[in-house]
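Inspection log for the structure reproduced underneath, given as structure tokens.
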Amino acid sequence: MALQRSDVEKIAHLARLGLNEGELPRITDALNSILGLVDQMQAVDTSGIEPLAHPLEASQRLRPDQVTESNQRDSYQAIAPSTENGLYLVPKVIE
Amino acid sequence: MHQLTLAEIARGLADKSFSSEELTGALLARIKQLDPQLNSFISVTQDLALGQARAADARRAAGEAGALLGAPIAHKDLFCTNGVRTSCGSKMLDNFKAPYDATVVAKLAEAGMVTLGKTNMDEFAMGSANESSHYGPVKNPWNLEHVPGGSSGGSAAAVAARLLPVTTGTDTGGSIRQPAALTNLTGLKPTYGRVSRWGMIAYASSLDQGGPLARTAEDCALLLQGMAGFDAKDSTSIDEPVPDYSANLNAPLEGLRIGLPKEYFGAGLDPRIADLVLASVKELEKLGAVVKEISLPNMQHAIPAYYVIAPAEASSNLSRFDGVRFGYRCEDPKDLTDLYKRSRGEGFGTEVQRRIMVGTYALSAGYYDAYYLKAQKIRRLIKNDFMTAFEQVDLILGPTTPNPAWKLGAKSSDPVAAYLEDVYTITANLAGLPGLSMPAGFVEGLPVGVQLLAPYFQEGRLLNVAYRYQQVTDWHTRAPNGF
């Protein structure tokens, strides 16, 4: 089932990607081409096979619940697009 | 001086034939002179380099030693480098000066390496030709009309052109091995978890792995020694002892069992590459290796599975680039949604947007089982194939790529055509195995690579075989005209 233009618009919204209207046909074609490749998977018999998430099947390590990092706010905010009084600024969210 | 390998530089610095400052100055001049033809560097860090070189010379004068002390390096521009632009080849991070060093960068700097700059790459490491970089394509020094491979294309082109002896790269689906093959280098993707990913800007976290690019196996061993090791800051780092990778380079190969997967020599492989690969097998047989045919029956399913898993992880990883905390922000956002959408729409290039959308779709409600879970099941089938093969053989050998370097632009209009070039490399990432590409000859003046794959944590074995091969062949010593 090929993606339609409206599907691509929905995916772009979910991904918060602002696309140019004029590019949508080209992007729709490209995505359908990639999904055509990906759909070759459906022919593979995977019944009884457990999914593999980590190649060595390691699980996440735990560490003691202790503070190990110092506050780096100033250096991190020095590269932010817009800050004030230690806060990141974005357009007004609540009227 | 630019012809020296890392091992030769280590000897030259140790016996005081030259200082790190002299070497650094000479290489910086060479980069300035030649890199405009190649575009292999995004940033040249001249002041940082000269400062590090003087510091290394002072450490050596004070009695310190070490193979990496005072030797030059450049990092793929996704290794965060404190105070230096770390762009990931993207407009999104064109203004991003990393506020800290990646573990790999910090370890190599502590060992005394001198950072000459940051190398060009496909945007967010998504590509096999280094054509998706915001900073323009990289040219292959073997033929400037051809691509160098990707995504570590700048790291490969710079070493191939003798701008410096070694660089770091990363490999998510072949991004160290494939450009190494296309530029006549030796490149190693270590076992997943061997080299810390901390501070390495993530593409697909369960596949990404950093590693060395060099002109010889000996140099790869030296650089990997400095990169490898457990790192508590990387949640998937593996706590395994790091062996001395240089100690067994010359170990004999008598009785080494090498498997040739029949699926690697089927349709799609340039027959001239097949001939060169089989010639390399003959050399290894002369050194005592025993060759047998094996089968990796699920190899053909690797690319479809990869193009679900990698984009899915990318769509999640790249959600952090939102125009709020760092990186590109659009002009005059109307509201928060507009800020997100336009910052990401304007900041990311075409290929990155495609993969984010494929991943978003594959993870969206109702599609997860059919795509992501299915791909992870195929991932296990691929790993199982390798585990079965390694019961019969010690190493697996085949071509690194099905074709030599293609012309710039030849595959840029059809993403799927470029994806298929990674057919032989992607399986090692899905299974987490170490893999190495080494030079094995030329087709119409363009380099060809042979890939070796080994069981987990046997990087030393890969380096041993490549080293012995490089003692009896001279492909790896060939230099491109004009460089």
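Each chain of the structure tokens is named A, B, ... in the order shown, its residues numbered from 1; ligands are numbered from 1 in display order.
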
Using the chain letters and numbers from this document, which residues of stretch 182-378 of chain B does DSSP assign to strand (DSSP E), as a VMD selection string? chain B and resid 186 to 189 210 to 214 257 to 261 290 to 294

Using only C-alpha atoms, determine which residues lie at most 7 Å from A:Leu31, disregarding the query and same-chain residues fewer than 4 positions distant; provide the list as a PDB file with N, CA and C atoms, in the first residue's frame.
ATOM      1  N   ILE A  27       9.131  13.877  -2.339  1.00  0.00           N
ATOM      2  CA  ILE A  27       9.346  13.173  -1.069  1.00  0.00           C
ATOM      3  C   ILE A  27       8.457  11.936  -0.988  1.00  0.00           C
ATOM      4  N   LEU A  35      10.179   2.404   1.163  1.00  0.00           N
ATOM      5  CA  LEU A  35       9.279   1.434   1.797  1.00  0.00           C
ATOM      6  C   LEU A  35       9.097   0.197   0.922  1.00  0.00           C
TER       7      LEU A  35
ATOM      8  N   ARG B 354      14.317  12.402   4.929  1.00  0.00           N
ATOM      9  CA  ARG B 354      13.741  11.125   4.461  1.00  0.00           C
ATOM     10  C   ARG B 354      13.833  10.063   5.540  1.00  0.00           C
ATOM     11  N   VAL B 358      10.903   7.996   7.416  1.00  0.00           N
ATOM     12  CA  VAL B 358      10.776   6.533   7.361  1.00  0.00           C
ATOM     13  C   VAL B 358      10.707   5.977   8.783  1.00  0.00           C
TER      14      VAL B 358
END

Which is closest to B:Gly460 among B:Pro415, B:Gly226, B:Pro243, B:Gly347, if we use only C-alpha atoms?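 Of the candidates, the smallest distance to B:Gly460 is held by B:Pro243.
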
Near chain B, 8 Å: chain A residue rows, closest pairs, only C-alpha atoms, as CSV:
residue,atom,partner,partner_atom,distance
A:Ile11,CA,B:Met357,CA,6.2
A:Ala12,CA,B:Met357,CA,6.5
A:His13,CA,B:Lys341,CA,7.9
A:Leu14,CA,B:Thr360,CA,7.2
A:Ala15,CA,B:Thr360,CA,6.3
A:Arg16,CA,B:Lys341,CA,4.7
A:Leu17,CA,B:Lys341,CA,4.6
A:Gly18,CA,B:Lys341,CA,4.4
A:Leu19,CA,B:Gly345,CA,5.8
A:Ile27,CA,B:Arg354,CA,7.4
A:Ala30,CA,B:Pro415,CA,7.3
A:Leu31,CA,B:Arg354,CA,6.8
A:Ser33,CA,B:Val416,CA,7.0
A:Ile34,CA,B:Val416,CA,6.2
A:Leu35,CA,B:Val358,CA,7.7
A:Leu37,CA,B:Pro304,CA,5.8
A:Val38,CA,B:Pro304,CA,4.2
A:Asp39,CA,B:Pro304,CA,7.2
A:Gln40,CA,B:Pro304,CA,6.5
A:Met41,CA,B:Pro304,CA,6.1
A:Gln42,CA,B:Ala370,CA,7.8
A:Val44,CA,B:Ile378,CA,7.8
A:Thr46,CA,B:Lys377,CA,6.3
A:Ile49,CA,B:Lys377,CA,5.8
A:Glu50,CA,B:Lys377,CA,5.8
A:Pro51,CA,B:Lys377,CA,4.1
A:Leu52,CA,B:Gln376,CA,5.0
A:Ala53,CA,B:Gln376,CA,6.3
A:His54,CA,B:Ser206,CA,6.1
A:Pro55,CA,B:Gly432,CA,5.0
A:Leu56,CA,B:Gly432,CA,6.9
A:Ala58,CA,B:Thr236,CA,7.6
A:Gln60,CA,B:Ser235,CA,6.3
A:Arg61,CA,B:Ser235,CA,6.6
A:Ser75,CA,B:Pro99,CA,6.4
A:Tyr76,CA,B:Pro99,CA,6.4
A:Gln77,CA,B:Arg325,CA,7.3
A:Ile79,CA,B:Phe326,CA,5.7
A:Ala80,CA,B:Phe326,CA,4.4
A:Pro81,CA,B:Phe326,CA,6.1
A:Ser82,CA,B:Val324,CA,7.6
A:Tyr88,CA,B:Arg325,CA,6.8
A:Leu89,CA,B:Val324,CA,7.4
A:Val90,CA,B:Leu336,CA,6.6
A:Pro91,CA,B:Asp335,CA,5.2
A:Lys92,CA,B:Asp335,CA,6.7
A:Val93,CA,B:Leu336,CA,6.7

Using DSSP on the backbone coordinates, identify all residues within chain A classified as alpha helix (DSSP H); present the result as a ChimeraX atom specification. /A:5-14,24-38,73-77

Put those residues in a file: C-alpha atoms, as an mmCIF file, in the first residue's frame.
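Saved result, result-v5.cif, follows:
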data_model
loop_
_atom_site.group_PDB
_atom_site.id
_atom_site.type_symbol
_atom_site.label_atom_id
_atom_site.label_comp_id
_atom_site.auth_asym_id
_atom_site.auth_seq_id
_atom_site.Cartn_x
_atom_site.Cartn_y
_atom_site.Cartn_z
ATOM 1 C CA ARG A 5 0.545 12.827 -0.161
ATOM 2 C CA SER A 6 -1.773 13.150 2.850
ATOM 3 C CA ASP A 7 0.086 10.305 4.625
ATOM 4 C CA VAL A 8 3.370 12.108 4.085
ATOM 5 C CA GLU A 9 1.917 15.317 5.476
ATOM 6 C CA LYS A 10 0.802 13.423 8.580
ATOM 7 C CA ILE A 11 4.231 11.779 9.028
ATOM 8 C CA ALA A 12 5.968 15.124 8.588
ATOM 9 C CA HIS A 13 3.709 16.604 11.266
ATOM 10 C CA LEU A 14 4.466 13.739 13.666
ATOM 11 C CA LEU A 24 5.842 16.803 -1.382
ATOM 12 C CA PRO A 25 5.451 14.808 -4.616
ATOM 13 C CA ARG A 26 9.208 14.121 -4.772
ATOM 14 C CA ILE A 27 9.346 13.173 -1.069
ATOM 15 C CA THR A 28 6.302 10.914 -1.438
ATOM 16 C CA ASP A 29 7.997 9.092 -4.329
ATOM 17 C CA ALA A 30 11.250 8.706 -2.391
ATOM 18 C CA LEU A 31 9.505 7.360 0.710
ATOM 19 C CA ASN A 32 7.514 4.887 -1.369
ATOM 20 C CA SER A 33 10.698 3.724 -3.028
ATOM 21 C CA ILE A 34 12.364 3.159 0.376
ATOM 22 C CA LEU A 35 9.279 1.434 1.797
ATOM 23 C CA GLY A 36 9.217 -0.791 -1.277
ATOM 24 C CA LEU A 37 12.712 -1.942 -0.339
ATOM 25 C CA VAL A 38 11.734 -2.350 3.311
ATOM 26 C CA ARG A 73 24.231 25.430 32.884
ATOM 27 C CA ASP A 74 26.271 28.450 31.867
ATOM 28 C CA SER A 75 28.385 26.632 29.319
ATOM 29 C CA TYR A 76 25.397 24.768 27.899
ATOM 30 C CA GLN A 77 23.301 27.911 27.633
#

Identify which of the residues B:Gln471, B:Asn143, B:Thr103, B:Asn248 lies closest to B:Arg197, counting only C-alpha atoms when measuring atom-to-atom distances.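 Nearest candidate to B:Arg197 out of B:Gln471, B:Asn143, B:Thr103, B:Asn248: B:Thr103.
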
For atom CA of B:His146 and atom CA of B:Met92, quote the distance in Å rounded to one decimal.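 Here the two named atoms are 26.7 Å from each other.
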
Can you tell me how far atom CA of B:Tyr467 sits from atom CA of B:Ala217, in Å to one decimal? 5.2 Å
